[in-house]
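Structure file protein.cif with mmCIF, C-alpha atoms:
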data_run
#
loop_
_atom_site.label_atom_id
_atom_site.label_comp_id
_atom_site.auth_asym_id
_atom_site.auth_seq_id
_atom_site.Cartn_x
_atom_site.Cartn_y
_atom_site.Cartn_z
CA MET H 165 12.55 24.63 42.77
CA ARG H 166 13.44 24.24 39.14
CA ALA H 167 15.33 26.88 37.15
CA VAL H 168 16.80 27.28 33.66
CA ILE H 169 20.09 28.70 32.42
CA LEU H 170 20.40 29.55 28.74
CA PHE H 171 24.13 29.19 28.10
CA GLY H 172 25.58 31.03 25.11
CA HIS H 173 28.96 31.95 23.71
CA GLY H 174 28.84 35.65 24.52
CA SER H 175 30.10 38.56 22.45
CA ARG H 176 31.57 42.04 22.81
CA ASP H 177 28.59 43.20 20.75
CA ALA H 178 25.72 44.23 23.03
CA SER H 179 23.03 43.24 20.52
CA TRP H 180 24.38 39.72 20.08
CA ARG H 181 22.46 38.35 23.07
CA GLN H 182 19.04 39.62 21.93
CA PRO H 183 17.83 36.21 20.67
CA MET H 184 18.82 34.63 24.00
CA ASP H 185 16.99 37.36 25.89
CA ALA H 186 13.96 36.75 23.65
CA VAL H 187 13.98 33.02 24.48
CA ALA H 188 14.29 33.88 28.20
CA ALA H 189 11.29 36.23 27.90
CA LEU H 190 9.23 33.48 26.22
CA ILE H 191 10.12 31.07 29.02
CA ARG H 192 9.10 33.66 31.66
CA ALA H 193 5.79 34.21 29.90
CA ARG H 194 5.05 30.49 29.64
CA ALA H 195 6.35 29.33 33.00
CA PRO H 196 6.55 32.30 35.38
CA GLU H 197 7.33 29.88 38.23
CA VAL H 198 10.62 28.83 36.57
CA PRO H 199 13.39 31.41 37.10
CA VAL H 200 15.56 31.77 34.00
CA ARG H 201 18.96 33.39 33.48
CA CYS H 202 21.30 33.81 30.54
CA ALA H 203 24.95 32.92 31.12
CA PHE H 204 27.98 33.19 28.86
CA LEU H 205 31.13 31.24 28.15
CA ASP H 206 33.16 34.31 27.33
CA LEU H 207 33.26 38.04 26.67
CA GLU H 208 30.23 39.10 28.73
CA PRO H 209 28.86 38.46 32.22
CA PRO H 210 27.48 36.54 33.97
CA ASP H 211 29.44 33.32 33.67
CA LEU H 212 27.79 29.96 34.39
CA ALA H 213 28.93 29.81 38.03
CA THR H 214 27.58 33.30 38.78
CA ALA H 215 24.20 32.63 37.14
CA ALA H 216 23.90 29.31 39.00
CA ALA H 217 24.80 30.90 42.36
CA ASP H 218 22.20 33.59 41.72
CA LEU H 219 19.51 30.97 41.04
CA ILE H 220 20.53 28.83 44.04
CA GLY H 221 20.32 31.96 46.21
CA ALA H 222 16.79 32.43 44.90
CA GLY H 223 15.89 28.89 45.98
CA ALA H 224 16.67 26.74 42.93
CA THR H 225 17.39 23.08 43.71
CA ARG H 226 17.29 21.80 40.10
CA ILE H 227 18.89 23.68 37.20
CA SER H 228 18.54 22.83 33.51
CA ILE H 229 21.41 24.16 31.42
CA VAL H 230 20.46 24.70 27.77
CA PRO H 231 23.48 25.28 25.49
CA MET H 232 22.43 27.84 22.90
CA PHE H 233 25.05 26.69 20.41
CA LEU H 234 24.32 25.74 16.80
CA GLY H 235 27.84 24.45 16.21
CA ALA H 236 29.11 21.27 17.82
CA GLY H 237 32.70 22.12 18.60
CA ARG H 238 35.23 22.30 21.38
CA HIS H 239 33.10 24.65 23.50
CA MET H 240 30.54 21.88 23.87
CA ARG H 241 32.94 18.94 24.12
CA GLU H 242 35.46 20.54 26.49
CA ASP H 243 34.52 23.91 27.96
CA LEU H 244 30.94 23.19 29.03
CA PRO H 245 31.66 19.78 30.68
CA ARG H 246 34.51 21.40 32.65
CA LEU H 247 32.25 24.24 33.86
CA VAL H 248 29.46 21.82 34.74
CA GLU H 249 31.85 19.63 36.70
CA SER H 250 33.03 22.56 38.83
CA LEU H 251 29.39 23.52 39.38
CA ARG H 252 28.70 19.98 40.64
CA GLN H 253 31.71 20.17 42.96
CA ALA H 254 30.65 23.57 44.32
CA HIS H 255 26.98 22.65 44.87
CA ARG H 256 26.80 18.96 45.70
CA SER H 257 23.08 18.84 46.47
CA LEU H 258 22.13 20.68 43.27
CA GLU H 259 20.38 18.61 40.58
CA LEU H 260 21.90 19.56 37.24
CA GLN H 261 20.43 18.62 33.90
CA VAL H 262 22.56 19.50 30.86
CA HIS H 263 20.66 19.54 27.58
CA ALA H 264 22.26 18.66 24.25
CA PRO H 265 23.30 21.82 22.38
CA VAL H 266 20.32 23.17 20.48
CA GLY H 267 22.16 22.55 17.19
CA GLU H 268 21.98 18.81 17.90
CA ASN H 269 18.24 18.76 18.63
CA PRO H 270 16.44 16.98 15.75
CA ARG H 271 13.43 19.31 16.03
CA VAL H 272 15.69 22.35 15.66
CA LEU H 273 17.43 20.84 12.62
CA ASP H 274 14.07 19.97 11.10
CA LEU H 275 12.75 23.50 11.61
CA LEU H 276 15.92 25.05 10.15
CA ALA H 277 15.55 22.89 7.03
CA SER H 278 11.91 24.00 6.68
CA ILE H 279 12.85 27.67 7.06
CA ALA H 280 15.63 27.33 4.47
CA LEU H 281 13.16 25.97 1.93
CA GLU H 282 10.62 28.79 2.40
CA MET J 243 16.89 27.13 -10.82
CA ARG J 244 16.64 27.78 -7.12
CA ALA J 245 19.44 26.92 -4.67
CA VAL J 246 20.18 27.36 -0.96
CA ILE J 247 23.32 28.40 0.90
CA LEU J 248 23.48 27.73 4.64
CA PHE J 249 25.86 30.42 5.88
CA GLY J 250 27.62 29.81 9.20
CA HIS J 251 30.47 31.26 11.20
CA GLY J 252 32.96 28.46 10.63
CA SER J 253 35.45 26.97 13.08
CA ARG J 254 38.87 25.36 13.19
CA ASP J 255 37.11 22.39 14.80
CA ALA J 256 36.10 19.87 12.12
CA SER J 257 33.04 18.67 14.05
CA TRP J 258 31.63 22.17 14.50
CA ARG J 259 29.82 22.13 11.14
CA GLN J 260 27.97 18.85 11.75
CA PRO J 261 24.62 20.53 12.54
CA MET J 262 24.87 22.58 9.34
CA ASP J 263 25.66 19.44 7.35
CA ALA J 264 22.66 17.75 8.99
CA VAL J 265 20.35 20.60 7.94
CA ALA J 266 21.79 20.42 4.40
CA ALA J 267 21.09 16.66 4.33
CA LEU J 268 17.48 17.23 5.45
CA ILE J 269 17.01 19.82 2.69
CA ARG J 270 18.43 17.38 0.09
CA ALA J 271 16.07 14.66 1.29
CA ARG J 272 13.03 16.93 1.18
CA ALA J 273 13.79 18.88 -1.98
CA PRO J 274 16.31 16.94 -4.09
CA GLU J 275 15.76 19.46 -6.91
CA VAL J 276 17.18 22.31 -4.79
CA PRO J 277 21.00 22.24 -4.66
CA VAL J 278 22.30 23.21 -1.23
CA ARG J 279 25.77 24.23 -0.04
CA CYS J 280 27.25 25.25 3.29
CA ALA J 281 29.44 28.37 3.30
CA PHE J 282 31.45 30.01 6.05
CA LEU J 283 32.33 33.51 7.18
CA ASP J 284 35.71 32.50 8.52
CA LEU J 285 38.13 29.72 9.43
CA GLU J 286 36.96 27.08 6.96
CA PRO J 287 36.14 26.87 3.25
CA PRO J 288 34.17 27.51 1.15
CA ASP J 289 33.42 31.21 1.57
CA LEU J 290 30.11 32.67 0.37
CA ALA J 291 31.46 33.77 -3.03
CA THR J 292 32.91 30.32 -3.77
CA ALA J 293 29.72 28.48 -2.78
CA ALA J 294 27.62 30.88 -4.88
CA ALA J 295 29.91 30.52 -7.93
CA ASP J 296 29.66 26.75 -7.56
CA LEU J 297 25.85 26.88 -7.53
CA ILE J 298 25.70 29.34 -10.42
CA GLY J 299 27.99 27.01 -12.38
CA ALA J 300 25.48 24.24 -11.68
CA GLY J 301 22.67 26.38 -13.14
CA ALA J 302 21.31 28.29 -10.14
CA THR J 303 19.54 31.57 -11.00
CA ARG J 304 18.01 32.22 -7.56
CA ILE J 305 19.93 31.68 -4.33
CA SER J 306 18.48 31.84 -0.81
CA ILE J 307 21.11 32.60 1.83
CA VAL J 308 20.15 31.32 5.28
CA PRO J 309 22.35 32.74 8.08
CA MET J 310 22.83 29.96 10.62
CA PHE J 311 23.55 32.38 13.45
CA LEU J 312 21.78 32.36 16.81
CA GLY J 313 23.41 35.61 17.91
CA ALA J 314 22.51 38.95 16.32
CA GLY J 315 25.83 40.74 16.26
CA ARG J 316 28.26 42.44 13.97
CA HIS J 317 28.62 39.42 11.65
CA MET J 318 24.98 39.83 10.68
CA ARG J 319 24.85 43.64 10.66
CA GLU J 320 28.14 44.27 8.86
CA ASP J 321 29.93 41.21 7.47
CA LEU J 322 27.03 39.46 5.75
CA PRO J 323 25.59 42.61 4.03
CA ARG J 324 29.08 43.39 2.70
CA LEU J 325 29.51 39.87 1.30
CA VAL J 326 26.02 39.88 -0.20
CA GLU J 327 26.66 43.24 -1.86
CA SER J 328 29.80 41.96 -3.57
CA LEU J 329 27.88 38.88 -4.67
CA ARG J 330 25.24 41.15 -6.25
CA GLN J 331 27.96 43.15 -8.00
CA ALA J 332 29.65 40.01 -9.31
CA HIS J 333 26.46 38.30 -10.54
CA ARG J 334 24.03 41.00 -11.63
CA SER J 335 21.37 38.68 -13.02
CA LEU J 336 21.34 36.47 -9.93
CA GLU J 337 18.25 36.68 -7.71
CA LEU J 338 19.43 36.76 -4.11
CA GLN J 339 17.15 36.27 -1.13
CA VAL J 340 18.77 36.81 2.27
CA HIS J 341 16.85 35.31 5.18
CA ALA J 342 16.88 36.79 8.66
CA PRO J 343 19.40 35.00 10.88
CA VAL J 344 17.78 31.87 12.32
CA GLY J 345 18.16 33.37 15.83
CA GLU J 346 15.68 36.08 14.86
CA ASN J 347 13.04 33.70 13.51
CA PRO J 348 10.05 33.65 15.90
CA ARG J 349 9.44 29.93 15.29
CA VAL J 350 13.04 29.13 16.21
CA LEU J 351 12.80 31.22 19.40
CA ASP J 352 9.51 29.55 20.26
CA LEU J 353 10.97 26.07 19.76
CA LEU J 354 14.07 26.91 21.84
CA ALA J 355 11.82 28.08 24.70
CA SER J 356 9.84 24.81 24.50
CA ILE J 357 13.02 22.73 24.53
CA ALA J 358 14.38 24.66 27.54
CA LEU J 359 11.24 23.86 29.52
CA GLU J 360 11.34 20.11 28.82
#
Any chance you could put this one into C-alpha cells?
Amino acid sequence: MRAVILFGHGSRDASWRQPMDAVAALIRARAPEVPVRCAFLDLEPPDLATAAADLIGAGATRISIVPMFLGAGRHMREDLPRLVESLRQAHRSLELQVHAPVGENPRVLDLLASIALE
Amino acid sequence: MRAVILFGHGSRDASWRQPMDAVAALIRARAPEVPVRCAFLDLEPPDLATAAADLIGAGATRISIVPMFLGAGRHMREDLPRLVESLRQAHRSLELQVHAPVGENPRVLDLLASIALE
C-alpha cells in the first residue's frame, strides 16, 4: 500500500502548518486510498520516523516523502538525507521515494512566476 | 511603472535562495518591462526597504510584494505587515499591493497535492 508524507520545517506557531494540512486534505479528497501524514523536521511533532512508523503500522509498503520546502538549503542537502537513511535502515523492506523539494519543481516555479505577475 | 518584490525568509546558506532567483528569472523572461527583486526578512540582504528603494530609484510607482512563504505563521501575520506599514510611511505616493503568501494560494496548494500524488 502506498502512502504519502508531507515533510515540512515545523514551527512553534500553531497556524504555520495550515497550508500543509490543506494539501493533505486535498490529497485525501482526491485519493482516499492513499494515507497521508504531515511530518516535521523541528519544533512540532510528529517527526519523520514517527509518521513513517504510523503509516507502516497502517499497512504502508511504499512511502513518498514530499519536502514542502521552497528554499534549497542545508535542511534539504543534509538533514533530510540523514533522516531518510535512518528510515531505510529501520525499515529495510519499505520502498521509499523522496521527491525533490517543491521549490525545485519547475511547475511550482512557473506557477509562482505567474502569480507574481497577476 | 510596475515592479515586483519576491519576499522570502532568507538563510545563512547561499544556495537557499536559488528557487527565488529562479522565479525572478522566469518573471524577467516573461515580462522584461517589470523590474523584479528578491528581498529577505532575515539573515541575508537586501531587506524589503532596500529592495523597494532600489526599485523606486529605478522609476517604480507600483510594487507588488509576493511573500514566498509556504507556512502561515508569525512572519506573515506580524513581521510582513509591520515592514509594509513602514514602507507606506516612507513612500506615501507608492502603490503597494501585498499578495497572500504563496502557501495560501489555492492554485499552489492544488499543484502541491498533484505533485505529491505523482
Write down, as a PDB file with C-alpha atoms, keeping the file's coordinate frame, each residue of chain H that has any atom within 8 Å of an atom of chain J, counting only C-alpha atoms.
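Resulting contents of result-v8.pdb:
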ATOM      1  CA  VAL H 168      16.800  27.280  33.660  1.00  0.00           C
ATOM      2  CA  LEU H 170      20.400  29.550  28.740  1.00  0.00           C
ATOM      3  CA  SER H 175      30.100  38.560  22.450  1.00  0.00           C
ATOM      4  CA  ASP H 177      28.590  43.200  20.750  1.00  0.00           C
ATOM      5  CA  ALA H 178      25.720  44.230  23.030  1.00  0.00           C
ATOM      6  CA  SER H 179      23.030  43.240  20.520  1.00  0.00           C
ATOM      7  CA  TRP H 180      24.380  39.720  20.080  1.00  0.00           C
ATOM      8  CA  ARG H 181      22.460  38.350  23.070  1.00  0.00           C
ATOM      9  CA  GLN H 182      19.040  39.620  21.930  1.00  0.00           C
ATOM     10  CA  PRO H 183      17.830  36.210  20.670  1.00  0.00           C
ATOM     11  CA  MET H 184      18.820  34.630  24.000  1.00  0.00           C
ATOM     12  CA  ALA H 186      13.960  36.750  23.650  1.00  0.00           C
ATOM     13  CA  VAL H 187      13.980  33.020  24.480  1.00  0.00           C
ATOM     14  CA  ALA H 188      14.290  33.880  28.200  1.00  0.00           C
ATOM     15  CA  LEU H 190       9.230  33.480  26.220  1.00  0.00           C
ATOM     16  CA  ILE H 191      10.120  31.070  29.020  1.00  0.00           C
ATOM     17  CA  SER H 228      18.540  22.830  33.510  1.00  0.00           C
ATOM     18  CA  VAL H 230      20.460  24.700  27.770  1.00  0.00           C
ATOM     19  CA  MET H 232      22.430  27.840  22.900  1.00  0.00           C
ATOM     20  CA  PHE H 233      25.050  26.690  20.410  1.00  0.00           C
ATOM     21  CA  LEU H 234      24.320  25.740  16.800  1.00  0.00           C
ATOM     22  CA  GLY H 235      27.840  24.450  16.210  1.00  0.00           C
ATOM     23  CA  ALA H 236      29.110  21.270  17.820  1.00  0.00           C
ATOM     24  CA  GLY H 237      32.700  22.120  18.600  1.00  0.00           C
ATOM     25  CA  ARG H 238      35.230  22.300  21.380  1.00  0.00           C
ATOM     26  CA  VAL H 266      20.320  23.170  20.480  1.00  0.00           C
ATOM     27  CA  GLY H 267      22.160  22.550  17.190  1.00  0.00           C
ATOM     28  CA  GLU H 268      21.980  18.810  17.900  1.00  0.00           C
ATOM     29  CA  VAL H 272      15.690  22.350  15.660  1.00  0.00           C
ATOM     30  CA  LEU H 273      17.430  20.840  12.620  1.00  0.00           C
ATOM     31  CA  ASP H 274      14.070  19.970  11.100  1.00  0.00           C
ATOM     32  CA  LEU H 275      12.750  23.500  11.610  1.00  0.00           C
ATOM     33  CA  LEU H 276      15.920  25.050  10.150  1.00  0.00           C
ATOM     34  CA  ALA H 277      15.550  22.890   7.030  1.00  0.00           C
ATOM     35  CA  SER H 278      11.910  24.000   6.680  1.00  0.00           C
ATOM     36  CA  ALA H 280      15.630  27.330   4.470  1.00  0.00           C
ATOM     37  CA  LEU H 281      13.160  25.970   1.930  1.00  0.00           C
TER      38      LEU H 281
END
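The set of residues that the PyMOL selection byres ((chain H and resi 252-256) around 12) takes from this file is Leu212, Ala213, Thr214, Ala216, Ala217, Leu219, Ile220, Gly221, Ala224, Thr225, Arg226, Ile227, Pro245, Arg246, Leu247, Val248, Glu249, Ser250, Leu251, Ser257, Leu258, Glu259, Leu260, Gln261 and Val262 of chain H.
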* What is the distance between CA of Leu207 (chain H) and CA of Leu322 (chain J), in Å to one decimal? ->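 Taking CA of Leu207 (chain H) as the start and CA of Leu322 (chain J) as the end point, the length is 21.9 Å.
Atom to atom, CA of Pro287 (chain J) and CA of Glu275 (chain J) stand 23.9 Å apart.
Here CA of Arg201 (chain H) is placed at a distance of 29.5 Å from CA of Leu283 (chain J).
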Would you fill out region 302-325 of chain J with N, CA, C and O atoms and return it as an mmCIF file, in the coordinates of the input?
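File written: selection.cif
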data_model
loop_
_atom_site.group_PDB
_atom_site.id
_atom_site.type_symbol
_atom_site.label_atom_id
_atom_site.label_comp_id
_atom_site.auth_asym_id
_atom_site.auth_seq_id
_atom_site.Cartn_x
_atom_site.Cartn_y
_atom_site.Cartn_z
ATOM 1 N N ALA J 302 22.184 27.529 -11.034
ATOM 2 C CA ALA J 302 21.310 28.290 -10.140
ATOM 3 C C ALA J 302 21.107 29.717 -10.647
ATOM 4 O O ALA J 302 22.065 30.373 -11.062
ATOM 5 N N THR J 303 19.850 30.175 -10.627
ATOM 6 C CA THR J 303 19.540 31.570 -11.000
ATOM 7 C C THR J 303 18.986 32.340 -9.799
ATOM 8 O O THR J 303 18.933 33.560 -9.818
ATOM 9 N N ARG J 304 18.540 31.612 -8.790
ATOM 10 C CA ARG J 304 18.010 32.220 -7.560
ATOM 11 C C ARG J 304 18.675 31.521 -6.391
ATOM 12 O O ARG J 304 18.631 30.286 -6.292
ATOM 13 N N ILE J 305 19.280 32.286 -5.491
ATOM 14 C CA ILE J 305 19.930 31.680 -4.330
ATOM 15 C C ILE J 305 19.353 32.285 -3.041
ATOM 16 O O ILE J 305 19.296 33.509 -2.888
ATOM 17 N N SER J 306 18.897 31.410 -2.147
ATOM 18 C CA SER J 306 18.480 31.840 -0.810
ATOM 19 C C SER J 306 19.641 31.630 0.142
ATOM 20 O O SER J 306 20.178 30.524 0.243
ATOM 21 N N ILE J 307 20.040 32.700 0.832
ATOM 22 C CA ILE J 307 21.110 32.600 1.830
ATOM 23 C C ILE J 307 20.457 32.562 3.208
ATOM 24 O O ILE J 307 19.684 33.454 3.572
ATOM 25 N N VAL J 308 20.763 31.503 3.961
ATOM 26 C CA VAL J 308 20.150 31.320 5.280
ATOM 27 C C VAL J 308 21.247 31.442 6.339
ATOM 28 O O VAL J 308 22.070 30.531 6.497
ATOM 29 N N PRO J 309 21.294 32.568 7.073
ATOM 30 C CA PRO J 309 22.350 32.740 8.080
ATOM 31 C C PRO J 309 22.090 31.865 9.307
ATOM 32 O O PRO J 309 21.116 32.058 10.026
ATOM 33 N N MET J 310 22.988 30.905 9.517
ATOM 34 C CA MET J 310 22.830 29.960 10.620
ATOM 35 C C MET J 310 23.495 30.541 11.880
ATOM 36 O O MET J 310 24.420 29.945 12.436
ATOM 37 N N PHE J 311 23.003 31.688 12.286
ATOM 38 C CA PHE J 311 23.550 32.380 13.450
ATOM 39 C C PHE J 311 22.449 32.544 14.484
ATOM 40 O O PHE J 311 21.362 33.035 14.163
ATOM 41 N N LEU J 312 22.735 32.126 15.721
ATOM 42 C CA LEU J 312 21.780 32.360 16.810
ATOM 43 C C LEU J 312 21.943 33.764 17.366
ATOM 44 O O LEU J 312 20.981 34.372 17.821
ATOM 45 N N GLY J 313 23.161 34.282 17.376
ATOM 46 C CA GLY J 313 23.410 35.610 17.910
ATOM 47 C C GLY J 313 23.198 36.676 16.834
ATOM 48 O O GLY J 313 23.309 36.397 15.639
ATOM 49 N N ALA J 314 22.862 37.881 17.263
ATOM 50 C CA ALA J 314 22.510 38.950 16.320
ATOM 51 C C ALA J 314 23.540 40.066 16.401
ATOM 52 O O ALA J 314 23.214 41.195 16.741
ATOM 53 N N GLY J 315 24.774 39.744 16.071
ATOM 54 C CA GLY J 315 25.830 40.740 16.260
ATOM 55 C C GLY J 315 26.359 41.300 14.958
ATOM 56 O O GLY J 315 25.692 41.313 13.924
ATOM 57 N N ARG J 316 27.579 41.761 15.055
ATOM 58 C CA ARG J 316 28.260 42.440 13.970
ATOM 59 C C ARG J 316 28.367 41.596 12.692
ATOM 60 O O ARG J 316 28.292 42.122 11.586
ATOM 61 N N HIS J 317 28.522 40.261 12.849
ATOM 62 C CA HIS J 317 28.620 39.420 11.650
ATOM 63 C C HIS J 317 27.379 39.559 10.782
ATOM 64 O O HIS J 317 27.466 39.513 9.564
ATOM 65 N N MET J 318 26.238 39.699 11.440
ATOM 66 C CA MET J 318 24.980 39.830 10.680
ATOM 67 C C MET J 318 24.753 41.251 10.190
ATOM 68 O O MET J 318 24.266 41.468 9.086
ATOM 69 N N ARG J 319 25.110 42.225 11.010
ATOM 70 C CA ARG J 319 24.850 43.640 10.660
ATOM 71 C C ARG J 319 25.851 44.180 9.660
ATOM 72 O O ARG J 319 25.522 45.048 8.856
ATOM 73 N N GLU J 320 27.097 43.679 9.714
ATOM 74 C CA GLU J 320 28.140 44.270 8.860
ATOM 75 C C GLU J 320 28.732 43.288 7.862
ATOM 76 O O GLU J 320 28.780 43.561 6.669
ATOM 77 N N ASP J 321 29.201 42.123 8.365
ATOM 78 C CA ASP J 321 29.930 41.210 7.470
ATOM 79 C C ASP J 321 29.032 40.633 6.375
ATOM 80 O O ASP J 321 29.395 40.658 5.194
ATOM 81 N N LEU J 322 27.878 40.104 6.763
ATOM 82 C CA LEU J 322 27.030 39.460 5.750
ATOM 83 C C LEU J 322 26.540 40.467 4.694
ATOM 84 O O LEU J 322 26.648 40.176 3.491
ATOM 85 N N PRO J 323 26.023 41.650 5.076
ATOM 86 C CA PRO J 323 25.590 42.610 4.030
ATOM 87 C C PRO J 323 26.715 42.964 3.055
ATOM 88 O O PRO J 323 26.486 43.083 1.847
ATOM 89 N N ARG J 324 27.942 43.085 3.570
ATOM 90 C CA ARG J 324 29.080 43.390 2.700
ATOM 91 C C ARG J 324 29.323 42.252 1.703
ATOM 92 O O ARG J 324 29.512 42.474 0.501
ATOM 93 N N LEU J 325 29.283 41.017 2.181
ATOM 94 C CA LEU J 325 29.510 39.870 1.300
ATOM 95 C C LEU J 325 28.382 39.736 0.273
ATOM 96 O O LEU J 325 28.622 39.408 -0.894
#
